[in-house]
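Chemist: File follows, upload_27.cif with mmCIF, C-alpha atoms:
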```cif
data_structure
loop_
_atom_site.label_atom_id
_atom_site.label_comp_id
_atom_site.auth_asym_id
_atom_site.auth_seq_id
_atom_site.Cartn_x
_atom_site.Cartn_y
_atom_site.Cartn_z
CA MET Y 1 -1.16 28.60 -69.85
CA SER Y 2 -2.27 26.84 -66.66
CA GLU Y 3 0.16 26.14 -63.86
CA ILE Y 4 0.26 22.53 -62.73
CA HIS Y 5 0.98 21.89 -59.08
CA LEU Y 6 2.66 18.53 -58.75
CA HIS Y 7 2.88 18.72 -54.94
CA GLN Y 8 0.25 20.03 -52.59
CA ARG Y 9 1.24 20.83 -49.04
CA SER Y 10 -1.07 19.62 -46.35
CA ASP Y 11 -0.72 19.94 -42.61
CA LYS Y 12 -2.97 16.95 -42.06
CA PRO Y 13 -1.15 13.71 -41.17
CA LYS Y 14 -1.42 10.92 -43.65
CA ALA Y 15 -3.25 7.74 -42.75
CA SER Y 16 0.06 5.88 -42.53
CA ASP Y 17 1.33 8.44 -39.98
CA PHE Y 18 -1.31 7.66 -37.37
CA PRO Y 19 0.20 4.39 -36.12
CA LYS Y 20 3.61 6.04 -35.74
CA LEU Y 21 2.15 9.03 -33.90
CA THR Y 22 0.10 6.78 -31.63
CA LEU Y 23 3.10 4.55 -31.12
CA TRP Y 24 5.24 7.46 -29.98
CA ILE Y 25 2.60 8.65 -27.54
CA CYS Y 26 2.31 5.12 -26.11
CA ARG Y 27 6.07 4.72 -25.90
CA ILE Y 28 6.54 7.97 -23.97
CA LEU Y 29 3.52 7.45 -21.71
CA VAL Y 30 4.14 3.79 -20.83
CA GLY Y 31 7.91 4.26 -20.62
CA SER Y 32 7.57 7.26 -18.29
CA VAL Y 33 5.17 5.42 -15.97
CA PHE Y 34 7.47 2.41 -15.73
CA ILE Y 35 10.56 4.56 -15.12
CA PHE Y 36 8.77 6.59 -12.45
CA SER Y 37 7.35 3.49 -10.78
CA GLY Y 38 10.74 1.77 -10.82
CA LEU Y 39 12.61 4.80 -9.46
CA ILE Y 40 10.12 5.40 -6.65
CA LYS Y 41 10.38 1.79 -5.48
CA ALA Y 42 14.16 1.62 -6.05
CA ASN Y 43 14.39 4.62 -3.72
CA ASP Y 44 13.14 2.28 -0.96
CA PRO Y 45 13.73 -1.36 -1.97
CA ILE Y 46 13.33 -2.61 1.61
CA GLY Y 47 9.85 -1.05 1.77
CA PHE Y 48 8.97 -2.74 -1.53
CA ALA Y 49 10.38 -6.01 -0.17
CA TYR Y 50 7.98 -5.76 2.79
CA LYS Y 51 5.13 -5.43 0.30
CA LEU Y 52 6.35 -8.46 -1.65
CA GLU Y 53 6.41 -10.45 1.59
CA GLU Y 54 2.71 -9.66 2.05
CA TYR Y 55 2.02 -11.23 -1.35
CA PHE Y 56 4.26 -14.20 -0.51
CA LEU Y 57 2.15 -14.78 2.61
CA VAL Y 58 -1.08 -14.73 0.57
CA PHE Y 59 0.24 -17.24 -1.99
CA ASN Y 60 2.10 -19.42 0.55
CA LEU Y 61 5.49 -18.47 -0.88
CA ASN Y 62 7.10 -17.55 2.44
CA PHE Y 63 10.32 -19.32 1.44
CA LEU Y 64 10.98 -16.36 -0.87
CA ASN Y 65 11.21 -13.96 2.10
CA THR Y 66 14.95 -14.59 2.33
CA ILE Y 67 15.48 -13.09 -1.13
CA SER Y 68 12.66 -10.50 -1.00
CA VAL Y 69 15.05 -7.49 -0.99
CA TRP Y 70 17.05 -8.73 -3.98
CA LEU Y 71 13.86 -9.63 -5.80
CA ALA Y 72 12.58 -6.11 -5.09
CA ILE Y 73 15.80 -4.58 -6.46
CA PHE Y 74 15.53 -6.77 -9.56
CA LEU Y 75 11.88 -5.84 -10.27
CA CYS Y 76 12.58 -2.13 -9.76
CA ALA Y 77 15.55 -2.31 -12.13
CA LEU Y 78 13.47 -4.23 -14.67
CA GLU Y 79 10.82 -1.49 -14.70
CA ILE Y 80 13.42 1.25 -15.20
CA ILE Y 81 15.22 -0.73 -17.93
CA PHE Y 82 12.03 -1.61 -19.82
CA GLY Y 83 10.71 1.96 -19.61
CA SER Y 84 13.98 3.52 -20.74
CA LEU Y 85 14.60 1.09 -23.62
CA LEU Y 86 10.99 1.47 -24.78
CA ILE Y 87 11.32 5.24 -25.14
CA LEU Y 88 14.72 4.85 -26.84
CA GLY Y 89 13.34 2.12 -29.09
CA PHE Y 90 16.11 -0.38 -28.27
CA LYS Y 91 15.22 -4.08 -28.64
CA GLY Y 92 11.65 -3.07 -29.48
CA LYS Y 93 10.18 -6.56 -29.98
CA LYS Y 94 11.74 -8.04 -26.84
CA ILE Y 95 10.77 -5.03 -24.73
CA ALA Y 96 7.17 -5.22 -25.99
CA TRP Y 97 7.03 -8.89 -24.95
CA GLY Y 98 8.60 -8.10 -21.58
CA LEU Y 99 6.18 -5.26 -20.88
CA LEU Y 100 3.18 -7.38 -21.84
CA LEU Y 101 4.18 -10.23 -19.53
CA LEU Y 102 5.01 -7.82 -16.71
CA ILE Y 103 1.72 -5.90 -16.93
CA ILE Y 104 -0.33 -9.12 -17.11
CA PHE Y 105 1.42 -10.28 -13.94
CA PHE Y 106 0.88 -6.93 -12.16
CA THR Y 107 -2.76 -6.76 -13.30
CA PHE Y 108 -3.44 -10.22 -11.90
CA LEU Y 109 -1.85 -9.28 -8.55
CA THR Y 110 -3.76 -6.00 -8.19
CA PHE Y 111 -7.06 -7.64 -9.17
CA TYR Y 112 -6.49 -10.48 -6.70
CA SER Y 113 -5.63 -7.95 -3.96
CA ALA Y 114 -8.69 -5.83 -4.67
CA PHE Y 115 -11.24 -8.62 -5.17
CA PHE Y 116 -10.17 -10.78 -2.21
CA GLU Y 117 -9.05 -7.82 -0.04
CA VAL Y 118 -5.80 -9.53 0.93
CA VAL Y 119 -3.29 -6.66 0.50
CA THR Y 120 -4.50 -3.16 1.36
CA SER Y 121 -1.96 -1.31 -0.82
CA CYS Y 122 -0.09 -2.68 -3.83
CA GLY Y 123 2.98 -0.49 -3.36
CA CYS Y 124 3.03 0.38 -7.08
CA PHE Y 125 4.45 3.83 -6.35
CA GLY Y 126 5.90 3.03 -2.93
CA ASP Y 127 4.95 5.27 -0.02
CA ALA Y 128 5.13 8.36 -2.25
CA ILE Y 129 1.70 7.81 -3.84
CA PRO Y 130 -0.34 5.23 -1.88
CA LEU Y 131 -3.00 3.59 -4.04
CA THR Y 132 -5.87 1.37 -3.00
CA PRO Y 133 -6.01 -2.08 -4.67
CA TRP Y 134 -8.87 -1.03 -6.96
CA GLN Y 135 -7.06 2.16 -7.98
CA SER Y 136 -3.98 0.07 -8.75
CA PHE Y 137 -6.04 -2.41 -10.77
CA ILE Y 138 -7.63 0.38 -12.86
CA LYS Y 139 -4.18 1.89 -13.41
CA ASP Y 140 -2.88 -1.47 -14.63
CA LEU Y 141 -5.87 -1.95 -16.94
CA ILE Y 142 -5.15 1.42 -18.59
CA LEU Y 143 -1.48 0.50 -18.95
CA LEU Y 144 -2.47 -2.89 -20.36
CA ALA Y 145 -4.51 -1.18 -23.10
CA PHE Y 146 -1.55 0.98 -24.12
CA ILE Y 147 0.89 -1.94 -23.96
CA LEU Y 148 -1.40 -4.08 -26.15
CA LEU Y 149 -1.24 -1.31 -28.75
CA LEU Y 150 2.55 -1.27 -28.43
CA PHE Y 151 2.62 -5.02 -28.80
CA LYS Y 152 0.50 -4.84 -31.94
CA TYR Y 153 2.95 -2.40 -33.56
CA ARG Y 154 6.11 -3.87 -31.95
CA ASN Y 155 7.72 -4.35 -35.38
CA GLU Y 156 7.55 -0.58 -35.93
CA ILE Y 157 9.37 0.37 -32.72
CA THR Y 158 12.58 1.83 -34.12
CA PRO Y 159 15.64 3.01 -32.16
CA VAL Y 160 16.37 6.72 -31.85
CA VAL Y 161 20.10 5.97 -32.16
CA LYS Y 162 21.40 4.30 -35.32
CA SER Y 163 24.83 3.21 -34.11
CA SER Y 164 24.72 -0.27 -32.57
CA PHE Y 165 27.84 0.50 -30.51
CA THR Y 166 26.24 3.63 -29.02
CA ARG Y 167 23.03 1.70 -28.32
CA GLY Y 168 25.03 -0.96 -26.50
CA LEU Y 169 26.86 1.69 -24.47
CA ILE Y 170 23.63 3.46 -23.48
CA SER Y 171 21.92 0.16 -22.63
CA THR Y 172 24.83 -0.88 -20.41
CA PHE Y 173 24.69 2.44 -18.56
CA ILE Y 174 20.91 2.08 -18.05
CA VAL Y 175 21.30 -1.44 -16.65
CA ILE Y 176 24.12 -0.42 -14.28
CA PHE Y 177 22.20 2.66 -13.11
CA SER Y 178 18.93 0.74 -12.66
CA PHE Y 179 20.49 -1.92 -10.43
CA GLY Y 180 22.92 0.50 -8.80
CA ILE Y 181 20.29 2.85 -7.41
CA GLY Y 182 18.46 0.02 -5.63
CA ILE Y 183 21.65 -1.49 -4.24
CA TYR Y 184 22.82 1.92 -3.01
CA THR Y 185 19.57 2.82 -1.22
CA TYR Y 186 19.43 -0.68 0.30
CA ASN Y 187 22.81 -0.06 1.90
CA TYR Y 188 22.57 3.69 2.65
CA LEU Y 189 18.83 4.46 3.16
CA PRO Y 190 16.40 6.11 0.69
CA PHE Y 191 17.33 9.37 -1.05
CA ILE Y 192 13.84 10.69 -0.24
CA ASP Y 193 12.07 9.49 2.90
CA PHE Y 194 8.27 9.46 2.54
CA LEU Y 195 7.63 7.94 5.96
CA PRO Y 196 6.51 9.80 9.13
CA TYR Y 197 9.86 9.18 10.86
CA LYS Y 198 11.79 11.15 8.26
CA ILE Y 199 14.50 13.66 9.22
CA GLY Y 200 12.98 16.95 10.37
CA ASN Y 201 9.70 15.49 11.63
CA ASN Y 202 8.61 15.70 15.24
CA ILE Y 203 7.39 12.27 16.35
CA PRO Y 204 4.95 13.47 19.07
CA GLU Y 205 3.32 15.79 16.51
CA GLN Y 206 2.99 12.89 14.07
CA MET Y 207 1.13 10.98 16.80
CA THR Y 208 -1.31 13.80 17.64
CA LEU Y 209 -4.54 14.83 15.95
CA PRO Y 210 -4.04 18.43 14.66
CA GLU Y 211 -6.35 21.12 15.97
CA GLY Y 212 -9.48 21.41 13.85
CA GLU Y 213 -9.19 17.90 12.43
CA GLU Y 214 -11.63 15.12 13.25
CA PRO Y 215 -10.81 11.43 13.70
CA ASP Y 216 -12.65 8.56 12.02
CA VAL Y 217 -16.26 8.24 13.14
CA TYR Y 218 -17.45 4.71 13.84
CA GLU Y 219 -20.88 3.29 14.50
CA HIS Y 220 -21.10 0.35 16.91
CA ILE Y 221 -23.77 -2.26 16.28
CA TYR Y 222 -25.07 -4.49 19.09
CA SER Y 223 -26.68 -7.88 18.61
CA LEU Y 224 -29.59 -8.28 21.05
CA GLU Y 225 -31.58 -11.35 22.03
CA ASN Y 226 -34.95 -11.42 23.79
CA THR Y 227 -34.63 -13.71 26.80
CA ASN Y 228 -38.34 -14.62 26.66
CA SER Y 229 -39.13 -15.07 22.97
CA GLY Y 230 -35.64 -15.76 21.60
CA GLU Y 231 -36.11 -12.97 19.04
CA THR Y 232 -32.88 -11.33 17.86
CA LYS Y 233 -32.21 -7.91 16.40
CA GLU Y 234 -29.41 -5.47 15.78
CA VAL Y 235 -29.33 -1.87 16.97
CA THR Y 236 -26.74 0.88 16.72
CA ASP Y 237 -25.10 2.31 19.81
CA LYS Y 238 -27.06 5.53 19.22
CA GLU Y 239 -30.39 3.66 19.19
CA TYR Y 240 -29.33 1.64 22.21
CA MET Y 241 -28.65 4.81 24.22
CA GLU Y 242 -31.66 6.82 22.97
CA GLN Y 243 -34.11 4.01 23.72
CA GLU Y 244 -32.39 3.25 27.04
CA MET Y 245 -32.44 -0.42 26.15
CA TRP Y 246 -30.08 -1.34 28.98
CA GLU Y 247 -33.05 -0.83 31.35
CA ASP Y 248 -35.13 -3.49 29.55
CA GLU Y 249 -34.29 -6.79 31.25
CA ASP Y 250 -35.93 -8.76 28.41
CA TRP Y 251 -33.10 -7.85 26.04
CA GLU Y 252 -29.46 -8.76 26.48
CA ILE Y 253 -26.37 -8.14 24.36
CA VAL Y 254 -25.03 -11.22 22.60
CA GLY Y 255 -21.37 -11.39 21.57
CA ASP Y 256 -19.08 -8.44 20.90
CA PRO Y 257 -20.34 -5.29 19.16
CA LYS Y 258 -19.39 -4.77 15.49
CA SER Y 259 -17.83 -1.53 14.32
CA LYS Y 260 -18.71 0.22 11.06
CA LEU Y 261 -16.88 3.23 9.64
CA VAL Y 262 -19.43 6.02 9.15
CA LYS Y 263 -17.17 8.94 8.25
CA LYS Y 264 -13.51 8.92 7.28
CA GLY Y 265 -11.53 11.44 9.28
CA TYR Y 266 -7.92 12.59 9.57
CA GLU Y 267 -5.46 9.72 9.73
CA VAL Y 268 -2.68 10.30 12.26
CA PRO Y 269 0.65 9.46 10.54
CA ILE Y 270 1.95 7.51 13.56
CA SER Y 271 -0.83 5.62 15.31
CA ASP Y 272 0.84 2.34 16.21
CA LEU Y 273 3.95 3.27 18.19
CA PHE Y 274 4.01 1.70 21.65
CA ILE Y 275 7.37 1.31 23.40
CA SER Y 276 7.57 -0.89 26.49
CA ASP Y 277 10.21 -2.05 28.93
CA ASN Y 278 10.98 -5.61 30.05
CA GLU Y 279 7.94 -5.60 32.32
CA GLY Y 280 5.54 -4.30 29.68
CA ASN Y 281 5.32 -0.74 31.05
CA ASP Y 282 4.57 2.00 28.54
CA VAL Y 283 7.65 4.22 28.13
CA THR Y 284 6.73 5.74 24.76
CA GLU Y 285 6.42 9.34 25.94
CA GLU Y 286 9.61 9.10 27.97
CA VAL Y 287 11.64 7.86 25.01
CA ILE Y 288 10.35 10.12 22.26
CA ASN Y 289 10.34 13.31 24.37
CA GLU Y 290 13.87 12.94 25.77
CA PRO Y 291 15.28 16.53 26.04
CA TYR Y 292 18.87 15.35 25.56
CA PRO Y 293 20.32 13.75 22.42
CA ASN Y 294 18.91 10.26 22.17
CA LEU Y 295 20.50 7.66 19.89
CA ILE Y 296 17.91 4.97 19.16
CA VAL Y 297 19.34 1.79 17.67
CA VAL Y 298 16.62 -0.16 15.86
CA SER Y 299 16.78 -3.87 15.05
CA THR Y 300 13.39 -5.19 14.02
CA ARG Y 301 14.43 -8.84 14.33
CA VAL Y 302 17.76 -9.60 15.98
CA GLU Y 303 17.49 -13.23 14.81
CA ASP Y 304 17.90 -11.94 11.23
CA LEU Y 305 21.24 -10.30 11.98
CA GLY Y 306 24.16 -11.81 10.09
CA PRO Y 307 27.86 -11.68 11.05
CA PHE Y 308 28.35 -8.35 9.26
CA ASP Y 309 25.25 -6.90 10.99
CA ILE Y 310 26.50 -8.04 14.39
CA LYS Y 311 29.85 -6.39 13.70
CA ALA Y 312 28.11 -3.16 12.66
CA LEU Y 313 25.92 -3.24 15.78
CA ASP Y 314 28.98 -3.75 17.96
CA ARG Y 315 30.62 -0.70 16.37
CA ILE Y 316 27.48 1.37 16.99
CA ASN Y 317 27.33 0.16 20.62
CA GLN Y 318 30.98 1.07 21.23
CA THR Y 319 30.50 4.51 19.66
CA VAL Y 320 27.49 5.20 21.90
CA LYS Y 321 29.53 4.06 24.93
CA GLU Y 322 32.39 6.44 24.09
CA LEU Y 323 30.00 9.35 23.57
CA SER Y 324 27.98 8.68 26.72
CA ASP Y 325 31.21 8.72 28.78
CA GLU Y 326 31.75 12.36 27.76
CA TYR Y 327 28.32 13.79 26.96
CA ASN Y 328 24.78 13.78 28.33
CA LEU Y 329 23.58 11.20 25.86
CA ARG Y 330 21.04 8.41 26.10
CA GLY Y 331 21.42 5.22 24.07
CA ILE Y 332 18.42 2.96 23.45
CA PHE Y 333 18.04 -0.39 21.71
CA LEU Y 334 14.58 -1.02 20.20
CA SER Y 335 13.49 -4.41 18.90
CA ALA Y 336 10.42 -6.49 18.13
CA SER Y 337 12.24 -9.71 19.02
CA SER Y 338 11.67 -11.71 22.17
CA MET Y 339 13.43 -10.79 25.41
CA ASP Y 340 15.42 -14.03 25.23
CA GLU Y 341 16.79 -13.17 21.77
CA VAL Y 342 17.72 -9.64 22.85
CA TYR Y 343 19.25 -10.86 26.12
CA TYR Y 344 21.46 -13.30 24.22
CA LEU Y 345 22.63 -10.50 21.90
CA ASN Y 346 23.25 -8.28 24.92
CA GLU Y 347 25.43 -10.98 26.45
CA GLN Y 348 27.47 -11.21 23.25
CA LEU Y 349 28.05 -7.48 22.77
CA GLY Y 350 27.86 -6.07 26.28
CA PHE Y 351 25.23 -3.43 25.55
CA VAL Y 352 25.50 0.03 27.07
CA LEU Y 353 22.14 0.61 25.39
CA GLU Y 354 18.90 0.54 27.37
CA THR Y 355 16.70 -2.19 25.92
CA TYR Y 356 13.05 -1.58 25.01
CA TYR Y 357 10.49 -3.26 22.79
CA ALA Y 358 8.01 -2.21 20.10
CA ASP Y 359 5.94 -3.82 17.36
CA ALA Y 360 7.72 -4.66 14.11
CA VAL Y 361 5.45 -2.44 11.96
CA PRO Y 362 6.55 0.97 13.34
CA LEU Y 363 10.15 -0.22 13.65
CA LYS Y 364 10.22 -1.04 9.93
CA SER Y 365 9.08 2.53 9.22
CA MET Y 366 11.60 4.16 11.55
CA VAL Y 367 14.70 3.27 9.56
CA ARG Y 368 15.14 0.99 6.54
CA SER Y 369 18.09 -0.87 7.96
CA ASN Y 370 18.64 -3.72 10.40
CA PRO Y 371 20.26 -2.39 12.48
CA GLY Y 372 19.67 1.31 11.90
CA VAL Y 373 20.04 4.40 14.08
CA LEU Y 374 17.92 7.51 14.74
CA LEU Y 375 19.11 10.62 16.56
CA LEU Y 376 16.25 12.21 18.47
CA GLN Y 377 16.03 15.27 20.70
CA ASN Y 378 12.77 16.67 22.09
CA GLY Y 379 10.94 14.37 19.69
CA ASP Y 380 12.66 15.81 16.60
CA VAL Y 381 14.35 13.39 14.21
CA LEU Y 382 17.74 15.09 13.77
CA ASN Y 383 19.24 12.38 11.59
CA LYS Y 384 19.18 8.68 10.80
CA TRP Y 385 21.75 6.23 9.51
CA SER Y 386 21.97 2.72 8.17
CA LYS Y 387 24.37 0.16 9.64
CA LYS Y 388 26.89 1.12 6.94
CA SER Y 389 26.54 4.89 7.11
CA PHE Y 390 26.62 5.36 10.91
CA PRO Y 391 29.37 7.94 11.53
CA SER Y 392 32.35 7.79 13.83
CA LYS Y 393 32.52 9.37 17.30
CA LYS Y 394 34.59 12.22 15.91
CA GLU Y 395 32.06 12.98 13.16
CA LEU Y 396 29.15 12.88 15.61
CA GLU Y 397 30.99 15.17 18.02
CA LYS Y 398 31.72 17.68 15.31
CA GLN Y 399 28.11 17.89 14.13
CA TYR Y 400 25.96 17.29 17.20
CA PHE Y 401 27.95 17.53 20.44
CA SER Y 402 30.07 20.19 22.05
CA LYS Y 403 32.09 20.07 25.22
#
```
Would you mind giving the structure from this file in structure tokens?
Modeler:
Amino acid sequence: MSEIHLHQRSDKPKASDFPKLTLWICRILVGSVFIFSGLIKANDPIGFAYKLEEYFLVFNLNFLNTISVWLAIFLCALEIIFGSLLILGFKGKKIAWGLLLLIIFFTFLTFYSAFFEVVTSCGCFGDAIPLTPWQSFIKDLILLAFILLLFKYRNEITPVVKSSFTRGLISTFIVIFSFGIGIYTYNYLPFIDFLPYKIGNNIPEQMTLPEGEEPDVYEHIYSLENTNSGETKEVTDKEYMEQEMWEDEDWEIVGDPKSKLVKKGYEVPISDLFISDNEGNDVTEEVINEPYPNLIVVSTRVEDLGPFDIKALDRINQTVKELSDEYNLRGIFLSASSMDEVYYLNEQLGFVLETYYADAVPLKSMVRSNPGVLLLQNGDVLNKWSKKSFPSKKELEKQYFSK
């Protein structure tokens, strides 16, 4: 009597299982990338807002600069929400549509940046993982391919939780968390600082080429014209020196030399910091190498300060005054605004702070707050605070000063 096997076990997936397996891989991969991208940027929404302002400038949308921070917080939250709900399978069809529209928008921006060379870094992963425009565009193309697959099978995206009440509860928590993290870091500085002015760094070291490292190597190209024949030609600085062409009176340099990067070298983290006084004198070394505690109050643009900011700055100024009366402490006010704007503010608040000036770019990197405060000593960044988190005199005394 033969035994009939009604069921045969096979470890091979059925044909109908492939879409589900592929779908799960896409959900986890795309969702994880969006969550990571959103969290990294939500860690520093002001930095992302600066990047958005670069795009606004390119597309003549400067009127959006006033809401750039809140737009940055919204986009970061959207990425986290979409990524989380995709993995959980909540609102599958709507999330698939949202992801598709979002990635098409991002892909257009990164392609435009790369092709027309208008924005040097897209800020996709903030300052944690800097990407060139072409790298960002390729990344978005890969994501687009996965999202198109998700969109094709959007009807098969099923939730991992059956209870609609539980899904609603989880979704609400995700939304609150996604917006909350950006709002918190906007008010109280990033959780993780990826910039060269972060706590623990020594600013002079960040401005110096380490031993054994080489800087960028450039080749300078001169345009020459023959004074007799009118013939023109281009020669490199090396050729110009080797052939001693400066001795030939028939050839003269026309215009300014052009520079061409020959070899990429070590990039000094801080290369653009120049601090000057009212008369334009360079006081950078004096300020950053102060041997005593040095409270540096940074306000990139004093004209952007609102009533609350002015009140916070006044509190900081008064705290510095009280400390400097008792301790060997130096207080400095750094701004990129005009002397007239700073002088007017000084008249309002009665600054005890010494006033100096620097370009807006390094000031934006120093502290993500306007105003914000750094505590320096011997070039070391001991701490930094936003306008809301700056401590009281008593707290500063307890941690940093002793009689």
Chemist: Can you turn the PyMOL selection byres ((chain Y and resi 343) around 12) into a concrete residue list for this file, as a VMD selection string?
Modeler: chain Y and resid 278 302 to 303 333 335 337 to 342 344 to 351 353 to 356
Chemist: I'd like the residues picked by the PyMOL selection byres ((chain Y and resi 148-150) around 10) written out as a PyMOL selection string, using the chain letters and numbers from the file.
Modeler: chain Y and resi 19+22-27+30+86+92-93+95-97+99-100+103+143-147+151-157
Chemist: For Asp282 (chain Y), list every protein, DNA or RNA residue within 12 Å, evaluated using all atoms listed in the file, and leave out those in the same chain fewer than 5 positions away; present the list as number ranges by chain.
Modeler: Y: 273-277, 287-288, 356-358
Chemist: Keeping C-alpha atoms for every residue in the selection just given, could you write it to a file as an mmCIF file, in the frame of the given file?
Modeler:
```
data_model
loop_
_atom_site.group_PDB
_atom_site.id
_atom_site.type_symbol
_atom_site.label_atom_id
_atom_site.label_comp_id
_atom_site.auth_asym_id
_atom_site.auth_seq_id
_atom_site.Cartn_x
_atom_site.Cartn_y
_atom_site.Cartn_z
ATOM 1 C CA LEU Y 273 3.950 3.270 18.190
ATOM 2 C CA PHE Y 274 4.010 1.700 21.650
ATOM 3 C CA ILE Y 275 7.370 1.310 23.400
ATOM 4 C CA SER Y 276 7.570 -0.890 26.490
ATOM 5 C CA ASP Y 277 10.210 -2.050 28.930
ATOM 6 C CA VAL Y 287 11.640 7.860 25.010
ATOM 7 C CA ILE Y 288 10.350 10.120 22.260
ATOM 8 C CA TYR Y 356 13.050 -1.580 25.010
ATOM 9 C CA TYR Y 357 10.490 -3.260 22.790
ATOM 10 C CA ALA Y 358 8.010 -2.210 20.100
#
```
Chemist: Skipping near chain neighbours, those fewer than 4 positions away, what residues fall within 9 Å of Asn201 (chain Y) using all atoms listed in the file, listed as a PyMOL selection string?
Modeler: chain Y and resi 196-197+205-206+379-382
Chemist: What lies within 12 Å of Ile270 (chain Y) using only C-alpha atoms, ignoring chain neighbours under 5 positions off, as a list in words?
Modeler: Leu195, Pro196, Tyr197, Lys198, Asn201, Asn202, Ile203, Pro204, Glu205, Gln206, Met207, Thr208, Leu209, Val361, Pro362, Leu363, Ser365 and Met366 of chain Y
Chemist: Pick out the residues sitting within 8 Å of region 51-57 of chain Y, and hand them over as a PyMOL selection string; count all atoms listed in the file, and ignore anything fewer than 6 positions along from it in its own chain.
Modeler: chain Y and resi 64-65+68+72+119+122-123
Chemist: Translate the PyMOL selection byres ((chain Y and resi 320) around 12) into a concrete residue list for this structure, as an NGL selection string.
Modeler: :Y and (293-297 or 313-319 or 321-333 or 351-354 or 373 or 375 or 390-394 or 396-397)
Chemist: Between Y:Leu189, Y:Met245, Y:Val33, Y:Val268, which one has atoms that come closest to Gly372 (chain Y), using only C-alpha atoms?
Modeler: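 Looking only at the distances to Gly372 (chain Y), the closest residue turns out to be Y:Leu189.
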Chemist: Considering all atoms listed in the file, can you say which of Y:Ser84, Y:Gln377, Y:Ser369, Y:Asn43 comes closest to Ile174 (chain Y)?
Modeler: Y:Ser84
Chemist: Quick one, how far is CA of Glu252 (chain Y) from CA of His220 (chain Y)?
Modeler: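 One can read the CA of Glu252 (chain Y) to CA of His220 (chain Y) distance as 15.6 Å.
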